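In what follows, a structure is listed as structure tokens, so that the remarks can point back to it.
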Amino acid sequence: MKIGLASPNSDYGVAPGEMARDLEQRGYDSLWVGEHSHIPASRETPHPSGADLPKFYWHMRDPFVSLALAAAATTELKLATGVCLVLEHEIIDLAKSVATLDECSNGRLLFGVGVGWNKEELANVSSVSWSQRYNAMRETIAALRVMWAEEESGYEGSFVNVAPSWVYPKPTLPQGPPVLMGCQGRVGLRHAAEYADEWCPLDIGFRDVAKGVGWFRDAVTAAERDPDTVAITMYCFQPPSGEVMARYAELGVHRVVFSAPDDADSHHRFLDRHQALVEEFATKD
């Protein structure tokens, strides 16, 4: 399996370039950073875990700037948005940011996407209603793929409208970087099965991970796609162990992403503590 690390990417944590160099040297395949442009002070939407909102949510760095710094510090490490909240971006700017990072890193970007969980955060920056967020994301990804693939392109839909335009640079692949979808509820799972290049669920989202993987592969088949062509990256929010890693390998999981602490001291202790798992389970291309 591949092994990645999800960083809180907080402004009081490890700098992206330093972290990326460390991960590449230790045998990790990818660095993952999330996105919250802001946290509305109303705090009306509870965190999905039911716990208090962790401190780093207020302190997240910009994912594209952070991954650009990580790209400059490494040569092979994959650079992943985990996840980009695509509905919080103006689409042409997003197309350019994604393509620029992918082109400048020689195709190392993994474009993780999602709709988010914070209702008021989306409402602050978008006219898309919460009930239509998945439909709007589908159009957004379709429009991005058109703009990346075609020299002169436009898109007309219910949520996205772009007049025929030249949008550059282009990514390294005509269809754009792989789209990895971090959705796992009933609706999100169906969307990922229908048009994502890869699925990225959270292990804490299922009572039985094996059943969740089975549900997804059934959904991919129902969408008339080959489950063997849609890889699975499992976000391991629970403490990783050899038993857990072996189980995910048995299920055919392509990549496991460890969830790192937010402060620098804890981060380095975390990497040291789990280095044996990387050496045992990580595979090279």
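In the structure tokens, the first chain shown is A, the next is B, and so on; residue numbers restart at 1 for each chain, and ligands run from 1 in the order shown.
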
Residues near Ala210 of chain A, cut-off 9 Å, only C-alpha atoms, skip fewer than 5 positions along chain, as number ranges by chain: A: 215, 247-248, 251

Next, dump the selected residues to file, keeping only C-alpha atoms, as a PDB file, in the first residue's frame.
```pdb
ATOM      1  CA  TRP A 215     -21.026  -0.826  -0.401  1.00  0.00           C
ATOM      2  CA  ARG A 247      -6.731  -5.596   7.350  1.00  0.00           C
ATOM      3  CA  TYR A 248      -6.806  -2.667   4.921  1.00  0.00           C
ATOM      4  CA  LEU A 251      -9.516  -5.304   1.644  1.00  0.00           C
TER       5      LEU A 251
END
```

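The list of residues with at least one atom within 6 Å of segment 32-44 of chain A, based on only C-alpha atoms and without residues fewer than 2 positions apart in the same chain, reads A:Leu5, A:Ala6, A:Ser7, A:Ala80, A:Thr81, A:Gly82, A:Val83, A:Cys84.
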
For Arg217 of chain A, work out the shell of residues within 12 Å, counting only C-alpha atoms and skipping chain neighbours fewer than 5 positions away, then give it as a PDB file with N, CA and C atoms, in the first residue's frame.
```pdb
ATOM      1  N   LEU A 189     -21.423   8.841  -1.231  1.00  0.00           N
ATOM      2  CA  LEU A 189     -20.865   7.600  -1.743  1.00  0.00           C
ATOM      3  C   LEU A 189     -21.307   7.365  -3.182  1.00  0.00           C
ATOM      4  N   ARG A 190     -22.565   7.647  -3.474  1.00  0.00           N
ATOM      5  CA  ARG A 190     -23.062   7.462  -4.847  1.00  0.00           C
ATOM      6  C   ARG A 190     -22.356   8.400  -5.811  1.00  0.00           C
ATOM      7  N   ALA A 192     -19.340   9.719  -5.494  1.00  0.00           N
ATOM      8  CA  ALA A 192     -17.968   9.248  -5.669  1.00  0.00           C
ATOM      9  C   ALA A 192     -17.925   8.051  -6.604  1.00  0.00           C
ATOM     10  N   ALA A 193     -18.874   7.157  -6.466  1.00  0.00           N
ATOM     11  CA  ALA A 193     -18.906   5.961  -7.319  1.00  0.00           C
ATOM     12  C   ALA A 193     -19.149   6.325  -8.778  1.00  0.00           C
ATOM     13  N   GLU A 194     -19.879   7.378  -9.020  1.00  0.00           N
ATOM     14  CA  GLU A 194     -20.262   7.720 -10.391  1.00  0.00           C
ATOM     15  C   GLU A 194     -19.191   8.472 -11.167  1.00  0.00           C
ATOM     16  N   GLU A 198     -11.030   8.327  -7.473  1.00  0.00           N
ATOM     17  CA  GLU A 198     -10.662   7.580  -6.273  1.00  0.00           C
ATOM     18  C   GLU A 198     -11.585   8.012  -5.141  1.00  0.00           C
ATOM     19  N   TRP A 199     -11.793   7.117  -4.190  1.00  0.00           N
ATOM     20  CA  TRP A 199     -12.664   7.383  -3.037  1.00  0.00           C
ATOM     21  C   TRP A 199     -11.819   7.462  -1.790  1.00  0.00           C
ATOM     22  N   ALA A 210     -15.099  -2.962   6.356  1.00  0.00           N
ATOM     23  CA  ALA A 210     -15.245  -3.922   5.252  1.00  0.00           C
ATOM     24  C   ALA A 210     -16.602  -3.780   4.572  1.00  0.00           C
ATOM     25  N   LYS A 211     -17.654  -3.569   5.358  1.00  0.00           N
ATOM     26  CA  LYS A 211     -18.976  -3.367   4.758  1.00  0.00           C
ATOM     27  C   LYS A 211     -19.000  -2.084   3.945  1.00  0.00           C
ATOM     28  N   GLY A 212     -18.374  -1.021   4.469  1.00  0.00           N
ATOM     29  CA  GLY A 212     -18.331   0.238   3.735  1.00  0.00           C
ATOM     30  C   GLY A 212     -17.625   0.100   2.402  1.00  0.00           C
ATOM     31  N   ALA A 222     -22.863  -0.509  -9.924  1.00  0.00           N
ATOM     32  CA  ALA A 222     -24.184  -0.006 -10.312  1.00  0.00           C
ATOM     33  C   ALA A 222     -24.068   1.188 -11.247  1.00  0.00           C
ATOM     34  N   ALA A 223     -22.977   1.943 -11.133  1.00  0.00           N
ATOM     35  CA  ALA A 223     -22.731   3.089 -12.018  1.00  0.00           C
ATOM     36  C   ALA A 223     -22.096   2.659 -13.336  1.00  0.00           C
ATOM     37  N   GLU A 224     -22.013   1.348 -13.546  1.00  0.00           N
ATOM     38  CA  GLU A 224     -21.460   0.761 -14.775  1.00  0.00           C
ATOM     39  C   GLU A 224     -19.986   1.125 -14.962  1.00  0.00           C
ATOM     40  N   ARG A 225     -19.271   1.077 -13.841  1.00  0.00           N
ATOM     41  CA  ARG A 225     -17.829   1.260 -13.846  1.00  0.00           C
ATOM     42  C   ARG A 225     -17.178   0.030 -13.219  1.00  0.00           C
ATOM     43  N   ASP A 226     -15.905  -0.160 -13.501  1.00  0.00           N
ATOM     44  CA  ASP A 226     -15.172  -1.300 -12.975  1.00  0.00           C
ATOM     45  C   ASP A 226     -14.591  -0.932 -11.609  1.00  0.00           C
ATOM     46  N   PRO A 227     -14.995  -1.614 -10.528  1.00  0.00           N
ATOM     47  CA  PRO A 227     -14.469  -1.277  -9.201  1.00  0.00           C
ATOM     48  C   PRO A 227     -12.947  -1.356  -9.119  1.00  0.00           C
ATOM     49  N   ASP A 228     -12.324  -2.181  -9.954  1.00  0.00           N
ATOM     50  CA  ASP A 228     -10.867  -2.293  -9.917  1.00  0.00           C
ATOM     51  C   ASP A 228     -10.172  -1.034 -10.440  1.00  0.00           C
ATOM     52  N   THR A 229     -10.922  -0.169 -11.128  1.00  0.00           N
ATOM     53  CA  THR A 229     -10.318   1.051 -11.677  1.00  0.00           C
ATOM     54  C   THR A 229     -10.529   2.268 -10.783  1.00  0.00           C
ATOM     55  N   VAL A 230     -11.268   2.125  -9.695  1.00  0.00           N
ATOM     56  CA  VAL A 230     -11.522   3.234  -8.766  1.00  0.00           C
ATOM     57  C   VAL A 230     -10.877   2.882  -7.423  1.00  0.00           C
ATOM     58  N   ALA A 231      -9.702   3.418  -7.206  1.00  0.00           N
ATOM     59  CA  ALA A 231      -8.932   3.066  -6.012  1.00  0.00           C
ATOM     60  C   ALA A 231      -9.561   3.658  -4.752  1.00  0.00           C
ATOM     61  N   ILE A 232      -9.144   3.120  -3.611  1.00  0.00           N
ATOM     62  CA  ILE A 232      -9.635   3.587  -2.309  1.00  0.00           C
ATOM     63  C   ILE A 232      -8.457   4.026  -1.451  1.00  0.00           C
ATOM     64  N   LEU A 251      -8.315  -5.849   2.295  1.00  0.00           N
ATOM     65  CA  LEU A 251      -9.516  -5.304   1.644  1.00  0.00           C
ATOM     66  C   LEU A 251      -9.195  -4.665   0.293  1.00  0.00           C
ATOM     67  N   GLY A 252      -7.924  -4.594  -0.064  1.00  0.00           N
ATOM     68  CA  GLY A 252      -7.555  -3.994  -1.342  1.00  0.00           C
ATOM     69  C   GLY A 252      -7.476  -2.489  -1.315  1.00  0.00           C
ATOM     70  N   VAL A 253      -7.304  -1.901  -0.121  1.00  0.00           N
ATOM     71  CA  VAL A 253      -7.150  -0.455  -0.015  1.00  0.00           C
ATOM     72  C   VAL A 253      -5.821  -0.046  -0.650  1.00  0.00           C
TER      73      VAL A 253
END
```

Atomic distance atom CA of Arg61 of chain A - atom CA of Asp262 of chain A, expressed in Å with one decimal: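 Atom CA of Asp262 of chain A lies at a distance of 12.0 Å from atom CA of Arg61 of chain A.
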
Alpha helix (DSSP H) residues, from DSSP on the backbone, in segment 69-232 of chain A, as a PyMOL selection string: chain A and resi 69-72+91-104+119-125+133-149+186-195+209-222

Nearest to Ile92 of chain A, chosen from A:Trp117, A:Trp166, A:Tyr57, A:Tyr28, with only C-alpha atoms counted in the distances: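 Ranking A:Trp117, A:Trp166, A:Tyr57, A:Tyr28 by distance to Ile92 of chain A, first place goes to A:Trp166.
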
Pick from A:Met245, A:Ile3, A:Ile141, A:Ala15, whichever lies nearest to Leu85 of chain A using only C-alpha atoms: A:Ile141

DSSP strand (DSSP E or B) residues within segment 157-285 of chain A, listed as a PyMOL selection string: chain A and resi 161-165+179-181+198-199+202+231-236+255-259

For the selection just defined, write its residues with N, CA and C atoms to a file, as a short mmCIF file (atom, residue, chain, number, x, y, z; two decimals), in the first residue's frame.
```cif
data_model
loop_
_atom_site.label_atom_id
_atom_site.label_comp_id
_atom_site.auth_asym_id
_atom_site.auth_seq_id
_atom_site.Cartn_x
_atom_site.Cartn_y
_atom_site.Cartn_z
N ASN A 161 -21.57 28.43 -14.96
CA ASN A 161 -21.68 28.98 -16.31
C ASN A 161 -20.40 29.74 -16.63
N VAL A 162 -19.68 29.26 -17.63
CA VAL A 162 -18.44 29.88 -18.08
C VAL A 162 -18.52 30.06 -19.59
N ALA A 163 -18.39 31.30 -20.06
CA ALA A 163 -18.39 31.54 -21.49
C ALA A 163 -17.16 30.91 -22.12
N PRO A 164 -17.22 30.52 -23.41
CA PRO A 164 -16.03 29.96 -24.06
C PRO A 164 -14.81 30.84 -23.82
N SER A 165 -13.74 30.22 -23.32
CA SER A 165 -12.58 30.98 -22.86
C SER A 165 -11.31 30.16 -23.04
N VAL A 179 -9.13 13.07 -9.46
CA VAL A 179 -10.10 13.64 -8.54
C VAL A 179 -10.44 12.59 -7.49
N LEU A 180 -10.09 12.88 -6.25
CA LEU A 180 -10.31 11.97 -5.13
C LEU A 180 -11.41 12.57 -4.26
N MET A 181 -12.47 11.81 -4.06
CA MET A 181 -13.64 12.37 -3.39
C MET A 181 -13.76 11.87 -1.96
N GLU A 198 -11.03 8.33 -7.47
CA GLU A 198 -10.66 7.58 -6.27
C GLU A 198 -11.59 8.01 -5.14
N TRP A 199 -11.79 7.12 -4.19
CA TRP A 199 -12.66 7.38 -3.04
C TRP A 199 -11.82 7.46 -1.79
N LEU A 202 -13.37 8.16 5.61
CA LEU A 202 -12.77 8.16 6.94
C LEU A 202 -13.07 6.82 7.60
N ALA A 231 -9.70 3.42 -7.21
CA ALA A 231 -8.93 3.07 -6.01
C ALA A 231 -9.56 3.66 -4.75
N ILE A 232 -9.14 3.12 -3.61
CA ILE A 232 -9.63 3.59 -2.31
C ILE A 232 -8.46 4.03 -1.45
N THR A 233 -8.53 5.26 -0.97
CA THR A 233 -7.60 5.76 0.04
C THR A 233 -8.36 5.88 1.36
N MET A 234 -7.87 5.23 2.40
CA MET A 234 -8.56 5.23 3.69
C MET A 234 -7.89 6.22 4.64
N TYR A 235 -8.66 7.21 5.09
CA TYR A 235 -8.18 8.13 6.12
C TYR A 235 -8.24 7.41 7.46
N CYS A 236 -7.08 7.19 8.06
CA CYS A 236 -6.99 6.44 9.31
C CYS A 236 -6.97 7.41 10.48
N ARG A 255 -4.29 3.06 -0.52
CA ARG A 255 -3.46 3.97 0.30
C ARG A 255 -4.12 4.17 1.66
N VAL A 256 -3.30 4.27 2.68
CA VAL A 256 -3.76 4.63 4.02
C VAL A 256 -3.12 5.96 4.38
N VAL A 257 -3.93 6.89 4.89
CA VAL A 257 -3.43 8.20 5.28
C VAL A 257 -3.53 8.33 6.80
N PHE A 258 -2.37 8.48 7.44
CA PHE A 258 -2.34 8.70 8.88
C PHE A 258 -2.73 10.13 9.19
N SER A 259 -3.36 10.34 10.34
CA SER A 259 -3.78 11.67 10.76
C SER A 259 -2.83 12.18 11.84
#
```

A:Val115, A:Val213, A:Leu277, A:Ala68 ranked by distance to Ser241 of chain A, top pick (using only C-alpha atoms): A:Leu277

Interatomic distance, atom CA of Glu76 of chain A to atom CA of Lys2 of chain A (Å, one decimal):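 The value is 13.0 Å.
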
One-decimal distance in Å that lies between atom CA of His274 of chain A and atom CA of Cys200 of chain A: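 Atom-to-atom, atom CA of Cys200 of chain A to atom CA of His274 of chain A, that is 21.1 Å.
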
Residue neighbourhood Ala264 of chain A, 7 Å, only C-alpha atoms, exclusion window fewer than 2 positions, as a ChimeraX atom specification: /A:13-14,262,266-268

Using only C-alpha atoms: which of A:Pro54, A:Pro169, A:Gly157, A:Pro178 has the shortest distance to Leu79 of chain A: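 Among the listed residues, A:Pro178 lies closest to Leu79 of chain A.
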
Contact residues around Asn118 of chain A with only C-alpha atoms at 8 Å, ignoring same-chain residues under 5 positions, as a ChimeraX atom specification: /A:45-47

Print the selection's residues with C-alpha atoms to a file, as a PDB file, in the first residue's frame.
```pdb
ATOM      1  CA  THR A  45     -22.961  23.704  12.770  1.00  0.00           C
ATOM      2  CA  PRO A  46     -21.441  21.187  15.193  1.00  0.00           C
ATOM      3  CA  HIS A  47     -18.320  19.278  14.253  1.00  0.00           C
TER       4      HIS A  47
END
```

Option closest in space to Asn124 of chain A, from A:His89, A:Met147, A:Tyr12, A:Thr140 [counting only C-alpha atoms]: A:His89
